[in-house]
$ cat upload-v9.cif   # mmCIF, C-alpha atoms
data_protein
loop_
_atom_site.label_atom_id
_atom_site.label_comp_id
_atom_site.auth_asym_id
_atom_site.auth_seq_id
_atom_site.Cartn_x
_atom_site.Cartn_y
_atom_site.Cartn_z
CA MET H 20 -37.84 -36.06 -37.59
CA THR H 21 -40.84 -38.16 -36.72
CA CYS H 22 -43.09 -38.09 -33.72
CA SER H 23 -41.80 -41.47 -32.63
CA THR H 24 -38.22 -40.22 -32.52
CA MET H 25 -38.71 -36.66 -31.26
CA ARG H 26 -41.38 -36.84 -28.58
CA ASP H 27 -39.92 -34.17 -26.30
CA SER H 28 -38.26 -31.43 -28.28
CA GLY H 29 -38.55 -32.11 -32.02
CA PRO H 30 -40.46 -30.20 -34.67
CA CYS H 31 -43.03 -32.93 -35.16
CA ALA H 32 -45.47 -31.93 -32.45
CA VAL H 33 -46.15 -28.86 -30.36
CA SER H 34 -44.78 -29.33 -26.87
CA SER H 35 -47.25 -30.85 -24.44
CA GLY H 36 -49.41 -28.22 -22.83
CA GLU H 37 -48.32 -25.49 -25.26
CA GLY H 38 -51.11 -25.94 -27.79
CA ILE H 39 -51.46 -23.88 -30.96
CA GLU H 40 -50.80 -20.18 -30.66
CA GLY H 41 -53.96 -18.09 -30.56
CA LEU H 42 -56.38 -20.84 -29.55
CA SER H 43 -58.63 -20.42 -26.54
CA PRO H 44 -58.47 -23.05 -23.78
CA LEU H 45 -60.97 -25.87 -24.12
CA PRO H 46 -63.57 -26.49 -21.43
CA GLU H 47 -62.83 -29.34 -19.05
CA ARG H 48 -64.24 -32.62 -20.31
CA SER H 49 -63.47 -36.25 -19.82
CA ARG H 50 -62.44 -37.10 -23.40
CA ILE H 51 -60.97 -35.38 -26.43
CA LYS H 52 -63.45 -35.59 -29.31
CA VAL H 53 -61.92 -36.29 -32.71
CA VAL H 54 -63.93 -36.28 -35.94
CA ARG H 55 -62.05 -37.90 -38.82
CA ILE H 56 -63.27 -37.27 -42.38
CA ILE H 57 -62.10 -39.14 -45.48
CA THR H 58 -63.39 -38.72 -49.01
CA ARG H 59 -63.93 -42.46 -49.47
CA LEU H 60 -62.86 -45.82 -48.09
CA ASN H 61 -61.42 -47.17 -51.32
CA VAL H 62 -58.70 -49.81 -51.48
CA GLY H 63 -55.42 -48.38 -50.24
CA GLY H 64 -53.48 -47.01 -47.32
CA PRO H 65 -55.62 -43.95 -46.48
CA ALA H 66 -58.71 -46.10 -45.78
CA GLN H 67 -56.74 -48.48 -43.56
CA HIS H 68 -55.10 -45.56 -41.76
CA ALA H 69 -58.39 -43.76 -41.09
CA VAL H 70 -60.29 -46.86 -39.94
CA LEU H 71 -57.53 -48.12 -37.62
CA LEU H 72 -57.04 -44.69 -36.04
CA THR H 73 -60.75 -44.26 -35.43
CA ALA H 74 -61.15 -47.77 -34.03
CA ARG H 75 -58.21 -47.58 -31.65
CA LEU H 76 -58.59 -43.99 -30.49
CA ASN H 77 -61.78 -44.67 -28.60
CA GLY H 78 -61.07 -45.03 -24.91
CA ASP H 79 -60.56 -43.17 -21.68
CA ARG H 80 -58.91 -40.13 -23.25
CA PHE H 81 -60.45 -39.99 -26.74
CA GLN H 82 -63.82 -40.23 -28.42
CA SER H 83 -63.33 -40.74 -32.16
CA LYS H 84 -65.83 -40.74 -35.01
CA LEU H 85 -65.34 -41.44 -38.72
CA LEU H 86 -67.17 -39.72 -41.59
CA ALA H 87 -66.68 -41.19 -45.05
CA GLY H 88 -68.03 -40.63 -48.52
CA THR H 89 -68.69 -43.21 -51.23
CA THR H 90 -66.21 -44.90 -53.52
CA ASP H 91 -66.07 -44.16 -57.23
CA SER H 92 -67.67 -46.63 -59.62
CA HIS H 93 -64.36 -48.20 -60.72
CA GLU H 94 -62.80 -48.54 -57.26
CA GLY H 95 -62.68 -51.34 -54.72
CA ASP H 96 -64.63 -50.59 -51.54
CA MET H 97 -62.92 -51.17 -48.17
CA SER H 98 -65.73 -49.94 -45.93
CA PHE H 99 -65.96 -53.51 -44.61
CA LEU H 100 -62.79 -52.71 -42.66
CA ALA H 101 -64.78 -50.42 -40.41
CA GLU H 102 -67.24 -53.21 -39.67
CA ASN H 103 -64.42 -55.69 -39.05
CA HIS H 104 -62.89 -53.35 -36.49
CA GLY H 105 -66.19 -52.49 -34.84
CA THR H 106 -66.02 -48.91 -36.07
CA PRO H 107 -69.40 -47.48 -37.03
CA PHE H 108 -69.04 -44.56 -39.40
CA VAL H 109 -71.32 -41.87 -40.74
CA ARG H 110 -71.73 -42.32 -44.50
CA VAL H 111 -71.88 -38.95 -46.25
CA GLU H 112 -73.27 -40.21 -49.56
CA GLU H 113 -72.64 -37.00 -51.49
CA LEU H 114 -68.96 -36.83 -50.51
CA CYS H 115 -67.35 -38.51 -53.51
CA ASN H 116 -65.41 -37.60 -56.62
CA GLU H 117 -68.43 -38.19 -58.88
CA ALA H 118 -70.98 -36.12 -56.92
CA GLY H 119 -71.19 -33.03 -59.15
CA LEU H 120 -71.79 -29.45 -57.98
CA PHE H 121 -75.16 -30.12 -56.32
CA GLY H 122 -73.80 -33.16 -54.51
CA ASP H 123 -70.75 -31.19 -53.35
CA LEU H 124 -72.98 -28.51 -51.83
CA LYS H 125 -75.09 -31.14 -50.09
CA SER H 126 -72.00 -32.86 -48.68
CA PHE H 127 -70.66 -29.52 -47.39
CA CYS H 128 -73.91 -28.69 -45.61
CA ARG H 129 -74.06 -32.21 -44.16
CA LEU H 130 -70.50 -31.96 -42.86
CA VAL H 131 -71.19 -28.62 -41.16
CA LYS H 132 -74.25 -30.10 -39.47
CA VAL H 133 -72.49 -33.26 -38.24
CA ILE H 134 -69.37 -31.42 -37.02
CA LYS H 135 -71.46 -28.93 -35.06
CA LYS H 136 -73.52 -31.73 -33.53
CA GLU H 137 -70.40 -33.64 -32.45
CA LYS H 138 -68.79 -30.55 -30.84
CA ALA H 139 -65.40 -31.79 -32.05
CA ASP H 140 -62.17 -30.65 -30.41
CA ILE H 141 -60.15 -31.84 -33.42
CA VAL H 142 -61.12 -32.50 -37.03
CA ASP H 143 -58.59 -34.59 -38.98
CA LEU H 144 -59.04 -34.66 -42.77
CA HIS H 145 -57.88 -37.25 -45.33
CA LEU H 146 -57.83 -36.96 -49.15
CA LEU H 147 -58.39 -33.82 -51.20
CA LYS H 148 -62.17 -33.47 -51.30
CA ALA H 149 -62.51 -34.17 -47.59
CA ARG H 150 -59.73 -31.68 -46.88
CA PHE H 151 -61.51 -28.98 -48.88
CA PHE H 152 -65.14 -29.39 -47.83
CA GLY H 153 -64.31 -30.78 -44.39
CA GLY H 154 -61.81 -28.01 -43.70
CA LEU H 155 -64.27 -25.24 -44.62
CA ALA H 156 -67.06 -26.97 -42.69
CA ALA H 157 -64.86 -27.29 -39.59
CA LYS H 158 -63.88 -23.62 -39.89
CA ILE H 159 -67.52 -22.54 -40.04
CA ALA H 160 -68.38 -24.87 -37.15
CA GLY H 161 -65.68 -23.22 -35.02
CA VAL H 162 -63.61 -26.37 -34.40
CA PRO H 163 -60.61 -25.51 -32.17
CA VAL H 164 -58.06 -27.60 -34.10
CA ILE H 165 -58.21 -28.53 -37.80
CA VAL H 166 -55.60 -30.97 -39.10
CA GLU H 167 -55.09 -32.39 -42.59
CA THR H 168 -53.19 -35.60 -43.31
CA PHE H 169 -51.37 -35.91 -46.64
CA HIS H 170 -51.15 -39.52 -47.82
CA GLY H 171 -49.80 -38.35 -51.16
CA HIS H 172 -50.25 -35.40 -53.49
CA LEU H 173 -51.70 -34.75 -56.94
CA PHE H 174 -49.14 -32.19 -58.09
CA THR H 175 -47.32 -34.35 -60.64
CA GLY H 176 -48.34 -37.16 -62.96
CA TYR H 177 -52.11 -37.05 -62.48
CA PHE H 178 -53.68 -34.17 -64.42
CA GLY H 179 -53.02 -31.50 -67.02
CA ARG H 180 -51.54 -28.10 -66.31
CA LEU H 181 -54.78 -26.20 -65.60
CA LYS H 182 -56.29 -28.77 -63.26
CA THR H 183 -52.98 -29.21 -61.44
CA ALA H 184 -52.74 -25.42 -60.99
CA ALA H 185 -56.28 -25.35 -59.56
CA ILE H 186 -55.42 -28.15 -57.11
CA LEU H 187 -52.23 -26.38 -56.03
CA THR H 188 -54.12 -23.13 -55.44
CA THR H 189 -56.78 -24.96 -53.40
CA GLU H 190 -54.19 -26.78 -51.30
CA ARG H 191 -52.28 -23.56 -50.61
CA LEU H 192 -55.42 -21.74 -49.50
CA LEU H 193 -56.26 -24.60 -47.16
CA GLY H 194 -52.72 -24.96 -45.83
CA TRP H 195 -52.12 -21.29 -45.15
CA PHE H 196 -55.56 -20.07 -44.05
CA VAL H 197 -57.75 -22.99 -42.92
CA MET H 198 -55.59 -25.70 -41.35
CA HIS H 199 -53.88 -25.37 -38.01
CA ARG H 200 -51.50 -28.25 -38.70
CA LEU H 201 -50.56 -30.55 -41.60
CA ILE H 202 -49.34 -34.12 -41.21
CA ALA H 203 -46.89 -35.49 -43.78
CA ILE H 204 -46.33 -39.24 -43.65
CA SER H 205 -42.66 -39.09 -44.66
CA GLU H 206 -39.63 -36.78 -44.68
CA ILE H 207 -39.71 -36.62 -48.47
CA GLN H 208 -43.39 -35.66 -48.46
CA LYS H 209 -42.74 -32.81 -46.03
CA GLU H 210 -39.99 -31.53 -48.31
CA GLU H 211 -42.40 -31.67 -51.25
CA LEU H 212 -45.11 -29.77 -49.37
CA ILE H 213 -42.60 -27.07 -48.49
CA ARG H 214 -41.26 -26.93 -52.06
CA TYR H 215 -44.78 -26.50 -53.44
CA ARG H 216 -45.53 -23.85 -50.76
CA ILE H 217 -48.58 -25.73 -49.50
CA SER H 218 -48.11 -24.38 -45.99
CA PRO H 219 -45.56 -22.66 -43.78
CA ALA H 220 -42.93 -25.23 -42.80
CA ARG H 221 -43.60 -24.60 -39.09
CA LYS H 222 -47.11 -26.06 -39.49
CA ILE H 223 -46.02 -29.35 -41.04
CA ASP H 224 -45.36 -32.37 -38.82
CA ILE H 225 -44.17 -35.86 -39.78
CA ILE H 226 -46.03 -38.95 -38.56
CA PRO H 227 -45.39 -42.12 -40.61
CA LEU H 228 -48.23 -44.31 -41.82
CA GLY H 229 -49.45 -47.09 -39.54
CA LEU H 230 -50.86 -50.40 -40.83
CA ASP H 231 -52.01 -53.70 -39.35
CA LEU H 232 -48.87 -55.66 -40.20
CA ASN H 233 -49.19 -58.62 -37.83
CA LYS H 234 -51.06 -60.75 -40.35
CA PHE H 235 -48.14 -60.39 -42.79
CA LEU H 236 -45.44 -61.26 -40.26
CA ASP H 237 -46.61 -64.86 -39.98
CA CYS H 238 -48.13 -65.28 -43.46
CA SER H 239 -45.81 -68.26 -44.11
CA LYS H 240 -48.47 -70.48 -42.54
CA TRP H 241 -50.49 -69.98 -45.75
CA ARG H 242 -47.63 -71.02 -48.02
CA GLY H 243 -48.74 -73.16 -50.95
CA GLU H 244 -52.45 -72.30 -50.79
CA PHE H 245 -52.34 -69.50 -53.37
CA ARG H 246 -50.19 -71.54 -55.75
CA ARG H 247 -52.67 -74.41 -55.57
CA GLU H 248 -55.50 -72.01 -56.34
CA LEU H 249 -53.67 -70.79 -59.44
CA GLY H 250 -52.44 -74.25 -60.41
CA VAL H 251 -48.85 -73.01 -60.45
CA ALA H 252 -45.85 -75.24 -59.75
CA ASP H 253 -43.55 -74.55 -56.81
CA ALA H 254 -40.68 -73.91 -59.19
CA THR H 255 -42.46 -71.06 -60.97
CA ILE H 256 -41.31 -67.67 -59.67
CA LEU H 257 -44.25 -65.40 -58.82
CA ILE H 258 -43.86 -61.64 -59.13
CA GLY H 259 -46.68 -59.64 -57.55
CA VAL H 260 -48.00 -56.16 -58.19
CA VAL H 261 -50.83 -54.86 -55.97
CA GLY H 262 -52.81 -51.69 -56.55
CA ARG H 263 -55.26 -49.70 -58.63
CA LEU H 264 -55.06 -50.06 -62.39
CA VAL H 265 -54.75 -46.36 -63.14
CA PRO H 266 -52.19 -44.35 -65.17
CA ILE H 267 -50.20 -43.09 -62.16
CA LYS H 268 -49.22 -46.69 -61.30
CA GLY H 269 -47.20 -46.96 -64.53
CA LEU H 270 -48.21 -50.55 -65.21
CA CYS H 271 -47.74 -50.16 -68.96
CA TYR H 272 -44.00 -49.78 -68.27
CA LEU H 273 -44.01 -52.90 -66.10
CA LEU H 274 -45.62 -54.94 -68.88
CA ASP H 275 -43.03 -53.66 -71.33
CA ALA H 276 -40.36 -54.70 -68.83
CA VAL H 277 -41.85 -58.21 -68.60
CA SER H 278 -41.64 -58.49 -72.38
CA GLN H 279 -37.97 -57.50 -72.26
CA VAL H 280 -37.29 -59.97 -69.42
CA LEU H 281 -38.59 -62.78 -71.62
CA ARG H 282 -36.03 -61.87 -74.27
CA ALA H 283 -33.22 -61.81 -71.70
CA THR H 284 -33.86 -65.00 -69.73
CA ASP H 285 -35.61 -68.35 -69.94
CA ALA H 286 -36.66 -68.21 -66.27
CA ASP H 287 -40.05 -69.72 -65.43
CA PHE H 288 -42.07 -66.85 -63.94
CA GLN H 289 -45.50 -65.22 -63.86
CA LEU H 290 -46.60 -61.67 -63.07
CA ILE H 291 -49.64 -61.65 -60.76
CA VAL H 292 -51.65 -58.40 -60.95
CA VAL H 293 -53.87 -57.89 -57.89
CA GLY H 294 -56.22 -54.95 -58.31
CA ASP H 295 -58.63 -53.36 -60.72
CA GLY H 296 -59.49 -50.05 -62.28
CA PRO H 297 -60.34 -48.18 -65.49
CA LEU H 298 -57.12 -49.26 -67.27
CA ARG H 299 -57.70 -52.98 -66.95
CA GLY H 300 -59.01 -53.41 -70.49
CA ALA H 301 -56.14 -51.41 -71.98
CA LEU H 302 -53.57 -53.36 -69.97
CA GLU H 303 -55.05 -56.68 -71.01
CA SER H 304 -54.87 -55.52 -74.62
CA GLN H 305 -51.23 -54.57 -74.11
CA VAL H 306 -50.52 -58.04 -72.71
CA SER H 307 -52.06 -59.54 -75.81
CA SER H 308 -50.13 -57.28 -78.19
CA LEU H 309 -46.87 -58.12 -76.43
CA ASP H 310 -47.70 -61.83 -76.63
CA ILE H 311 -47.13 -62.38 -72.92
CA GLU H 312 -50.58 -63.79 -72.00
CA LYS H 313 -49.01 -66.92 -70.49
CA ARG H 314 -46.88 -64.78 -68.18
CA VAL H 315 -49.43 -62.28 -66.79
CA ARG H 316 -52.56 -62.96 -64.75
CA PHE H 317 -55.12 -60.34 -63.65
CA LEU H 318 -56.94 -61.29 -60.44
CA GLY H 319 -59.03 -58.20 -59.71
CA TRP H 320 -59.46 -57.03 -56.12
CA ARG H 321 -58.44 -59.47 -53.42
CA PHE H 322 -58.62 -58.95 -49.67
CA ASP H 323 -56.71 -62.05 -48.57
CA LEU H 324 -53.34 -60.48 -49.30
CA GLU H 325 -51.56 -62.35 -46.53
CA LYS H 326 -52.23 -65.61 -48.41
CA ILE H 327 -51.07 -64.09 -51.67
CA TYR H 328 -47.86 -62.60 -50.25
CA ALA H 329 -47.06 -65.97 -48.68
CA ASP H 330 -46.47 -67.44 -52.14
CA LEU H 331 -44.99 -64.46 -53.98
CA ASP H 332 -41.25 -64.48 -54.54
CA PHE H 333 -40.93 -60.72 -54.87
CA VAL H 334 -43.08 -57.66 -55.51
CA ALA H 335 -42.83 -54.90 -58.12
CA LEU H 336 -44.03 -51.29 -58.15
CA SER H 337 -43.80 -49.13 -61.27
CA SER H 338 -45.54 -45.94 -60.09
CA LEU H 339 -44.87 -42.49 -61.55
CA ASN H 340 -45.76 -40.84 -58.24
CA GLU H 341 -46.42 -42.33 -54.81
CA GLY H 342 -47.05 -41.26 -51.24
CA THR H 343 -46.07 -44.02 -48.84
CA PRO H 344 -46.37 -47.30 -50.80
CA VAL H 345 -48.66 -49.55 -48.77
CA SER H 346 -48.24 -52.58 -51.05
CA LEU H 347 -44.48 -52.44 -50.55
CA ILE H 348 -44.73 -52.11 -46.77
CA GLU H 349 -47.06 -55.12 -46.61
CA ALA H 350 -44.82 -57.16 -48.91
CA MET H 351 -41.73 -56.22 -46.91
CA ALA H 352 -43.47 -57.15 -43.64
CA ALA H 353 -44.09 -60.54 -45.26
CA GLY H 354 -40.35 -60.82 -45.86
CA LYS H 355 -40.46 -60.27 -49.61
CA ALA H 356 -37.87 -58.50 -51.76
CA VAL H 357 -39.15 -55.55 -53.79
CA VAL H 358 -38.20 -53.71 -56.95
CA ALA H 359 -39.72 -50.25 -57.22
CA THR H 360 -39.45 -46.91 -58.97
CA ARG H 361 -37.60 -44.16 -57.15
CA VAL H 362 -40.56 -41.75 -56.81
CA GLY H 363 -42.34 -39.85 -54.03
CA GLY H 364 -42.09 -41.54 -50.65
CA VAL H 365 -40.73 -44.85 -51.98
CA PRO H 366 -37.09 -44.11 -51.01
CA ASP H 367 -38.28 -43.45 -47.45
CA VAL H 368 -39.45 -47.07 -47.32
CA VAL H 369 -37.00 -48.93 -49.58
CA GLU H 370 -33.24 -48.55 -49.16
CA HIS H 371 -31.54 -49.33 -52.46
CA GLU H 372 -29.55 -52.59 -52.46
CA LYS H 373 -30.32 -53.17 -48.77
CA THR H 374 -34.07 -53.75 -48.53
CA GLY H 375 -34.92 -53.66 -52.23
CA ILE H 376 -33.89 -52.40 -55.65
CA LEU H 377 -34.85 -48.92 -56.85
CA VAL H 378 -35.06 -47.96 -60.53
CA SER H 379 -35.98 -44.88 -62.54
CA PRO H 380 -39.65 -44.32 -63.44
CA LYS H 381 -40.84 -44.75 -67.05
CA ASN H 382 -37.81 -46.92 -67.77
CA PRO H 383 -38.81 -50.46 -68.82
CA LEU H 384 -35.20 -51.42 -69.62
CA GLU H 385 -33.89 -50.56 -66.15
CA LEU H 386 -36.91 -52.23 -64.56
CA SER H 387 -36.42 -55.37 -66.67
CA LYS H 388 -32.77 -55.63 -65.62
CA ALA H 389 -33.74 -55.42 -61.92
CA ILE H 390 -36.44 -58.08 -62.38
CA THR H 391 -34.05 -60.34 -64.30
CA ARG H 392 -31.50 -59.95 -61.53
CA LEU H 393 -33.96 -61.06 -58.86
CA LEU H 394 -35.29 -63.89 -60.99
CA GLY H 395 -31.83 -65.41 -61.22
CA ASN H 396 -30.72 -64.90 -57.63
CA PRO H 397 -32.86 -66.55 -54.92
CA ARG H 398 -30.22 -65.81 -52.30
CA LEU H 399 -30.45 -62.08 -53.04
CA ARG H 400 -34.25 -62.26 -52.83
CA ASN H 401 -34.06 -63.90 -49.41
CA CYS H 402 -31.47 -61.45 -48.07
CA LEU H 403 -33.40 -58.39 -49.26
CA GLY H 404 -36.65 -59.82 -47.90
CA GLU H 405 -35.25 -60.54 -44.43
CA ARG H 406 -33.77 -57.07 -44.09
CA ALA H 407 -36.99 -55.55 -45.48
CA ARG H 408 -39.09 -57.15 -42.76
CA PHE H 409 -37.02 -55.61 -39.97
CA SER H 410 -36.99 -52.22 -41.68
CA VAL H 411 -40.79 -51.82 -41.77
CA TYR H 412 -41.81 -53.46 -38.51
CA PRO H 413 -42.63 -51.94 -36.07
CA LYS H 414 -41.84 -48.63 -37.82
CA TYR H 415 -45.03 -48.77 -39.90
CA ASP H 416 -47.19 -50.79 -37.52
CA VAL H 417 -50.47 -49.40 -36.22
CA SER H 418 -49.38 -49.76 -32.57
CA ARG H 419 -46.69 -47.14 -33.15
CA LEU H 420 -49.13 -44.90 -35.04
CA ILE H 421 -51.70 -44.91 -32.23
CA GLN H 422 -49.12 -43.92 -29.63
CA ASP H 423 -47.81 -41.13 -31.85
CA MET H 424 -51.29 -39.78 -32.58
CA LYS H 425 -52.35 -39.78 -28.94
CA GLU H 426 -49.33 -37.68 -28.02
CA TYR H 427 -49.77 -35.47 -31.06
CA TYR H 428 -53.44 -34.70 -30.47
CA ARG H 429 -52.81 -33.94 -26.80
CA SER H 430 -50.00 -31.57 -27.74
CA LEU H 431 -52.29 -29.55 -30.05
CA LEU H 432 -54.86 -28.67 -27.42
CA PRO H 433 -54.26 -25.82 -24.95
#
$ encode --input "upload-v9.cif" --output "structure tokens"
Amino acid sequence: MTCSTMRDSGPCAVSSGEGIEGLSPLPERSRIKVVRIITRLNVGGPAQHAVLLTARLNGDRFQSKLLAGTTDSHEGDMSFLAENHGTPFVRVEELCNEAGLFGDLKSFCRLVKVIKKEKADIVDLHLLKARFFGGLAAKIAGVPVIVETFHGHLFTGYFGRLKTAAILTTERLLGWFVMHRLIAISEIQKEELIRYRISPARKIDIIPLGLDLNKFLDCSKWRGEFRRELGVADATILIGVVGRLVPIKGLCYLLDAVSQVLRATDADFQLIVVGDGPLRGALESQVSSLDIEKRVRFLGWRFDLEKIYADLDFVALSSLNEGTPVSLIEAMAAGKAVVATRVGGVPDVVEHEKTGILVSPKNPLELSKAITRLLGNPRLRNCLGERARFSVYPKYDVSRLIQDMKEYYRSLLP
């Protein structure tokens, strides 16, 4: 159950006024102070989620502040979002994946200092490093309520056995002994957290992701602009893929699928890759070896996605693991059909044969058949796209998220 569907009696949030067992009452004050900490504001859903929540939770009842680290060298930086939404944030320079031991210690000490100074009622943590150092810092600072938000997990598909075991142990220690509550962003994710014993089930609540979807709802006004930029004819079918170029996104399987599609059909299409990352060189080499250079275009990071989605015919996702797929939600809000791997939280967003087509991961043949099917059936693309739009909006819109989080935070405080 989600907060939006079980406001009164469901498992998602503690009943209003009940608070968390064992906590002392807070002193009377005009506003609830929330400190939100995220490892970095890199391109993706977590950055959007954290910025929008911080920006829109400042008002009569809440005072919200954002602390963020720095992006890794190969990542796209979305810190401009905070500026666009008028959300000043405290940059904790040492809080990043490339900081090293000395930098980690400095970031921990800095977080303790800032949290104590803010006198936070609630600390809400996003991404692994922020959850670890921010959670311990909040514990030391005596914060009444510590919450961690899981946007996805690193338990499969990312690292080798030893590193994965270390991450699991860390997450379990945090979930059982440091955090008061955990937020999963989908039903499937909650089930995974329980299966991996990250926390007692009673501490895990479900609050779906919230994004600024309005710009995608009316993106048709931009139709034709992206095609003109690329010099692509109206008749050419454009398939989009948006995201980081990293192993977990399974793009090598998508390129293999494109090669197989070319052997199965003479359809005029191009694959548009929006994003960047450490695998770009390897993927470009794969494109060359498959002799599909005329069919694949790499654009790097783009932040005018509403214009791009306006001209895409459908969107593909080939991930090996996924939390809640932001690129699919945005594409679906734009009324686009999607074909995606059946992993992680994807089935929570895409209903097979109703709002998109789901295929097995690491299976280029199955993926190529789904792509070929959509290439040859514009009516199916339109039907899937129309149903997709209604399935994600307003379910994943930020307006719903803000209402859910206000009620949730209030319910946690005695």
$ resolve_selection --input "upload-v9.cif" --expression "the PyMOL selection byres ((chain H and resi 74) around 8)" --output "PyMOL selection string"
chain H and resi 70-73+75-77+83+101+104-106
$ atom_distance --input "upload-v9.cif" --atom1 "CA of Gly395 (chain H)" --atom2 "CA of Ala356 (chain H)"
13.2 Å
$ residues_around --input "upload-v9.cif" --residues "Arg408 (chain H)" --least-positions-apart "6" --cutoff "7 Å" --atoms "only C-alpha atoms" --output "PyMOL selection string"
chain H and resi 351-354
$ resolve_selection --input "upload-v9.cif" --expression "the PyMOL selection byres ((chain H and resi 209) around 12)" --output "tab-separated table (two decimals) with C-alpha atoms, in the frame of the given file"
chain	number	residue	atom	x	y	z
H	20	MET	CA	-37.84	-36.06	-37.59
H	21	THR	CA	-40.84	-38.16	-36.72
H	30	PRO	CA	-40.46	-30.20	-34.67
H	31	CYS	CA	-43.03	-32.93	-35.16
H	168	THR	CA	-53.19	-35.60	-43.31
H	169	PHE	CA	-51.37	-35.91	-46.64
H	170	HIS	CA	-51.15	-39.52	-47.82
H	171	GLY	CA	-49.80	-38.35	-51.16
H	172	HIS	CA	-50.25	-35.40	-53.49
H	201	LEU	CA	-50.56	-30.55	-41.60
H	202	ILE	CA	-49.34	-34.12	-41.21
H	203	ALA	CA	-46.89	-35.49	-43.78
H	204	ILE	CA	-46.33	-39.24	-43.65
H	205	SER	CA	-42.66	-39.09	-44.66
H	206	GLU	CA	-39.63	-36.78	-44.68
H	207	ILE	CA	-39.71	-36.62	-48.47
H	208	GLN	CA	-43.39	-35.66	-48.46
H	210	GLU	CA	-39.99	-31.53	-48.31
H	211	GLU	CA	-42.40	-31.67	-51.25
H	212	LEU	CA	-45.11	-29.77	-49.37
H	213	ILE	CA	-42.60	-27.07	-48.49
H	214	ARG	CA	-41.26	-26.93	-52.06
H	215	TYR	CA	-44.78	-26.50	-53.44
H	216	ARG	CA	-45.53	-23.85	-50.76
H	217	ILE	CA	-48.58	-25.73	-49.50
H	218	SER	CA	-48.11	-24.38	-45.99
H	219	PRO	CA	-45.56	-22.66	-43.78
H	220	ALA	CA	-42.93	-25.23	-42.80
H	221	ARG	CA	-43.60	-24.60	-39.09
H	222	LYS	CA	-47.11	-26.06	-39.49
H	223	ILE	CA	-46.02	-29.35	-41.04
H	224	ASP	CA	-45.36	-32.37	-38.82
H	225	ILE	CA	-44.17	-35.86	-39.78
H	226	ILE	CA	-46.03	-38.95	-38.56
H	227	PRO	CA	-45.39	-42.12	-40.61
H	342	GLY	CA	-47.05	-41.26	-51.24
H	363	GLY	CA	-42.34	-39.85	-54.03
H	364	GLY	CA	-42.09	-41.54	-50.65
H	367	ASP	CA	-38.28	-43.45	-47.45
$ resolve_selection --input "upload-v9.cif" --expression "the PyMOL selection byres ((chain H and resi 108) around 8)" --output "MDAnalysis selection string"
chainID H and resid 84:87 101 106:107 109:110
$ residues_around --input "upload-v9.cif" --residues "Ile56 (chain H)" --least-positions-apart "5" --cutoff "12 Å" --atoms "all atoms listed in the file" --output "MDAnalysis selection string"
chainID H and resid 65:66 68:70 72:73 83:89 108:111 114:115 126:127 130:131 133:134 139 141:154 156:157 165:168
$ atom_distance --input "upload-v9.cif" --atom1 "CA of Lys132 (chain H)" --atom2 "CA of Glu94 (chain H)"
28.1 Å
$ atom_distance --input "upload-v9.cif" --atom1 "CA of Ile348 (chain H)" --atom2 "CA of Val411 (chain H)"
6.4 Å
$ closest_residue --input "upload-v9.cif" --among "H:Ala160, H:Ile376, H:Ala350, H:Leu187" --to "Leu236 (chain H)" --atoms "all atoms listed in the file"
H:Ala350
$ residues_around --input "upload-v9.cif" --residues "Thr175 (chain H)" --least-positions-apart "3" --cutoff "10 Å" --atoms "only C-alpha atoms" --output "VMD selection string"
chain H and resid 172 178 to 180 183 267 339 to 341 363
$ closest_residue --input "upload-v9.cif" --among "H:Tyr177, H:Glu244, H:Lys182, H:Trp320" --to "Asn61 (chain H)" --atoms "all atoms listed in the file"
H:Trp320
$ closest_residue --input "upload-v9.cif" --among "H:Leu100, H:Arg316, H:Ala283, H:Val54" --to "Val162 (chain H)" --atoms "only C-alpha atoms"
H:Val54
$ build_atoms --input "upload-v9.cif" --residues "region 374-381 of chain H" --atoms "N, CA and C atoms" --output "tab-separated table (two decimals), in the frame of the given file"
chain	number	residue	atom	x	y	z
H	374	THR	N	-32.75	-53.15	-48.77
H	374	THR	CA	-34.07	-53.75	-48.53
H	374	THR	C	-34.86	-53.91	-49.83
H	375	GLY	N	-34.26	-53.53	-50.94
H	375	GLY	CA	-34.92	-53.66	-52.23
H	375	GLY	C	-34.06	-53.04	-53.32
H	376	ILE	N	-34.60	-53.00	-54.51
H	376	ILE	CA	-33.89	-52.40	-55.65
H	376	ILE	C	-34.75	-51.26	-56.19
H	377	LEU	N	-34.15	-50.09	-56.33
H	377	LEU	CA	-34.85	-48.92	-56.85
H	377	LEU	C	-34.40	-48.64	-58.27
H	378	VAL	N	-35.36	-48.26	-59.12
H	378	VAL	CA	-35.06	-47.96	-60.53
H	378	VAL	C	-35.75	-46.65	-60.91
H	379	SER	N	-35.38	-46.12	-62.05
H	379	SER	CA	-35.98	-44.88	-62.54
H	379	SER	C	-37.39	-45.13	-63.05
H	380	PRO	N	-38.29	-44.16	-62.90
H	380	PRO	CA	-39.65	-44.32	-63.44
H	380	PRO	C	-39.64	-44.23	-64.97
H	381	LYS	N	-40.66	-44.80	-65.59
H	381	LYS	CA	-40.84	-44.75	-67.05
H	381	LYS	C	-39.64	-45.34	-67.79
